[in-house]
Amino acid sequence: MPRPVTAIVMLLLSSACAQDLVRSVHYEYRPIARGRGGGGGVGGVVPGVGLSVLSGVLLWWNEGRAVRESRMLRRLLPSLVRLDADSPPDPTHDGRLVHLSGPLRASGLVDPEWGLQRQGVLRLRRSAEVYQWREERTETSQRVSEREVRREVTHRYRRTWGRVPVDSSRFEAPHGHHNPEPVLPVGDTTFTATDAALPGGIHVPAGLVAQLSDYAAVPLAGAGLTQPTHLPSAAI
């Protein structure tokens, strides 16, 4: 039969920093097991064998996929057509495997929320963070007798910037650590050019442009930002 485990919980609030630290002490009934013998070795061997077999299967599958891709590329390489990025589109190349490289050009992008305009860019990313409370939990356990274990849980609270809102109602001590709902969307919002093209006029679909990830910071001072109309003047 499983050993019964009961907990006597005593919640302590640090008086020195009542808003930032909450400590709880739990005494659990957990008697030391005695007189239980063998069988543990076999229980550890079986999972180990299963993991070894599974890792071998995954390795075989991964190597097989790499071999298939290599064979496919060798078959397609003779039919590859290398194009000049400055040349206009040629209808005879439709449906063929082509290779070309060159600078991409686009008219630019606008962030409609803030009115930020950037000419000639391919992608525009807005990163918004919220200043909020975060909870950090630590736990230590110590056996105090043959029947009891003392478990101490500490919750610390600090304010930090973050791109993901934290629900303070789930805190151990939500009072004094309330996070209000953000008035603006938090996180990353990305805009991608749909008119990107090479110098010769070959259009590059937005799905390929979306793979670009080399961003440069835009100074907000003098960027001509406009406050969203749905926000009160005191919101920012």
# chains A, B, ... in the order shown; residues from 1 in each chain; ligands from 1
$ residues_around --residues "Thr194 of chain A" --least-positions-apart "5" --cutoff "12 Å" --atoms "only C-alpha atoms" --output "ChimeraX atom specification"
/A:104-109,120-123,203-210
$ select_by_dssp --residues "segment 76-216 of chain A" --states "strand (DSSP E)" --output "JSON, numbers by chain"
{"A": [81, 82, 98, 99, 108, 109, 110, 111, 116, 117, 118, 119, 123, 124, 125, 126, 127, 128, 130, 131, 132, 133, 134, 135, 136, 137, 138, 139, 140, 141, 142, 143, 148, 149, 150, 151, 152, 153, 154, 155, 156, 157, 158, 159, 160, 161, 162, 187, 188, 189, 190, 191, 192]}
$ closest_residue --among "A:Asp84, A:Glu28, A:Asp188, A:Asp94" --to "Glu146 of chain A" --atoms "only C-alpha atoms"
A:Glu28
$ closest_residue --among "A:Val110, A:Ile32, A:Ala66, A:Ala223" --to "Val144 of chain A" --atoms "only C-alpha atoms"
A:Ile32
$ residues_around --residues "Arg125 of chain A" --least-positions-apart "5" --cutoff "12 Å" --atoms "only C-alpha atoms" --output "JSON, numbers by chain"
{"A": [109, 110, 111, 116, 117, 118, 187, 188, 189, 190, 191, 192, 193, 210, 212, 213, 214, 215, 216, 217, 218]}
$ write_last_selection --atoms "N, CA, C and O atoms" --output "mmCIF file, in the first residue's frame"
data_model
loop_
_atom_site.group_PDB
_atom_site.id
_atom_site.type_symbol
_atom_site.label_atom_id
_atom_site.label_comp_id
_atom_site.auth_asym_id
_atom_site.auth_seq_id
_atom_site.Cartn_x
_atom_site.Cartn_y
_atom_site.Cartn_z
ATOM 1 N N LEU A 109 7.501 49.895 -45.620
ATOM 2 C CA LEU A 109 6.461 49.399 -44.738
ATOM 3 C C LEU A 109 6.044 50.476 -43.749
ATOM 4 O O LEU A 109 6.808 51.400 -43.453
ATOM 5 N N VAL A 110 4.824 50.326 -43.232
ATOM 6 C CA VAL A 110 4.262 51.262 -42.267
ATOM 7 C C VAL A 110 3.658 50.474 -41.114
ATOM 8 O O VAL A 110 2.961 49.479 -41.327
ATOM 9 N N ASP A 111 3.944 50.913 -39.881
ATOM 10 C CA ASP A 111 3.280 50.366 -38.709
ATOM 11 C C ASP A 111 2.007 51.174 -38.502
ATOM 12 O O ASP A 111 2.057 52.342 -38.072
ATOM 13 N N LEU A 116 4.699 54.629 -37.871
ATOM 14 C CA LEU A 116 6.121 54.593 -38.205
ATOM 15 C C LEU A 116 6.290 54.128 -39.643
ATOM 16 O O LEU A 116 5.799 53.061 -40.031
ATOM 17 N N GLN A 117 7.002 54.900 -40.461
ATOM 18 C CA GLN A 117 7.234 54.584 -41.862
ATOM 19 C C GLN A 117 8.725 54.402 -42.106
ATOM 20 O O GLN A 117 9.535 55.186 -41.642
ATOM 21 N N ARG A 118 9.052 53.340 -42.837
ATOM 22 C CA ARG A 118 10.433 53.073 -43.223
ATOM 23 C C ARG A 118 10.457 52.728 -44.699
ATOM 24 O O ARG A 118 9.853 51.754 -45.147
ATOM 25 N N GLY A 187 4.422 42.064 -26.974
ATOM 26 C CA GLY A 187 5.115 41.060 -27.768
ATOM 27 C C GLY A 187 5.609 41.643 -29.080
ATOM 28 O O GLY A 187 5.742 42.863 -29.235
ATOM 29 N N ASP A 188 5.883 40.769 -30.027
ATOM 30 C CA ASP A 188 6.413 41.170 -31.329
ATOM 31 C C ASP A 188 5.296 41.171 -32.371
ATOM 32 O O ASP A 188 4.519 40.221 -32.471
ATOM 33 N N THR A 189 5.240 42.248 -33.142
ATOM 34 C CA THR A 189 4.342 42.354 -34.293
ATOM 35 C C THR A 189 5.193 42.638 -35.518
ATOM 36 O O THR A 189 5.942 43.615 -35.535
ATOM 37 N N THR A 190 5.105 41.780 -36.520
ATOM 38 C CA THR A 190 5.990 41.867 -37.680
ATOM 39 C C THR A 190 5.182 42.153 -38.935
ATOM 40 O O THR A 190 4.115 41.577 -39.159
ATOM 41 N N PHE A 191 5.721 43.046 -39.753
ATOM 42 C CA PHE A 191 5.142 43.379 -41.056
ATOM 43 C C PHE A 191 6.157 42.985 -42.133
ATOM 44 O O PHE A 191 7.353 43.253 -41.997
ATOM 45 N N THR A 192 5.672 42.356 -43.212
ATOM 46 C CA THR A 192 6.535 41.848 -44.274
ATOM 47 C C THR A 192 6.112 42.439 -45.616
ATOM 48 O O THR A 192 4.920 42.490 -45.927
ATOM 49 N N ALA A 193 7.093 42.866 -46.388
ATOM 50 C CA ALA A 193 6.810 43.459 -47.696
ATOM 51 C C ALA A 193 6.251 42.402 -48.647
ATOM 52 O O ALA A 193 6.740 41.274 -48.694
ATOM 53 N N ALA A 210 9.816 36.518 -45.453
ATOM 54 C CA ALA A 210 9.583 36.338 -44.018
ATOM 55 C C ALA A 210 10.689 35.532 -43.342
ATOM 56 O O ALA A 210 10.760 35.515 -42.108
ATOM 57 N N LEU A 212 13.799 36.283 -43.547
ATOM 58 C CA LEU A 212 14.861 37.215 -43.181
ATOM 59 C C LEU A 212 14.709 37.594 -41.707
ATOM 60 O O LEU A 212 13.606 37.853 -41.235
ATOM 61 N N SER A 213 15.837 37.642 -41.001
ATOM 62 C CA SER A 213 15.780 37.929 -39.567
ATOM 63 C C SER A 213 16.890 38.867 -39.105
ATOM 64 O O SER A 213 17.147 38.965 -37.907
ATOM 65 N N ASP A 214 17.533 39.557 -40.027
ATOM 66 C CA ASP A 214 18.618 40.470 -39.656
ATOM 67 C C ASP A 214 18.025 41.868 -39.470
ATOM 68 O O ASP A 214 17.941 42.664 -40.406
ATOM 69 N N TYR A 215 17.629 42.176 -38.222
ATOM 70 C CA TYR A 215 16.979 43.449 -37.928
ATOM 71 C C TYR A 215 18.004 44.469 -37.422
ATOM 72 O O TYR A 215 19.040 44.104 -36.870
ATOM 73 N N ALA A 216 17.667 45.737 -37.623
ATOM 74 C CA ALA A 216 18.459 46.849 -37.082
ATOM 75 C C ALA A 216 17.518 47.747 -36.294
ATOM 76 O O ALA A 216 16.379 48.011 -36.715
ATOM 77 N N ALA A 217 17.983 48.217 -35.136
ATOM 78 C CA ALA A 217 17.142 49.048 -34.282
ATOM 79 C C ALA A 217 16.848 50.388 -34.949
ATOM 80 O O ALA A 217 17.712 50.976 -35.614
ATOM 81 N N VAL A 218 15.630 50.873 -34.760
ATOM 82 C CA VAL A 218 15.201 52.164 -35.307
ATOM 83 C C VAL A 218 15.091 53.159 -34.159
ATOM 84 O O VAL A 218 14.307 52.941 -33.223
#
$ closest_residue --among "A:Asp20, A:Arg34, A:Arg74, A:His26" --to "Glu139 of chain A" --atoms "only C-alpha atoms"
A:His26
$ residues_around --residues "Trp114 of chain A" --least-positions-apart "2" --cutoff "8 Å" --atoms "only C-alpha atoms" --output "PyMOL selection string"
chain A and resi 111-112+116+225-228
$ residues_around --residues "His177 of chain A" --least-positions-apart "2" --cutoff "12 Å" --atoms "only C-alpha atoms" --output "VMD selection string"
chain A and resid 18 to 22 131 to 135 155 to 159 166 to 175 179 to 180
$ closest_residue --among "A:Val57, A:Val130, A:Val149, A:Leu198" --to "Val186 of chain A" --atoms "only C-alpha atoms"
A:Val130
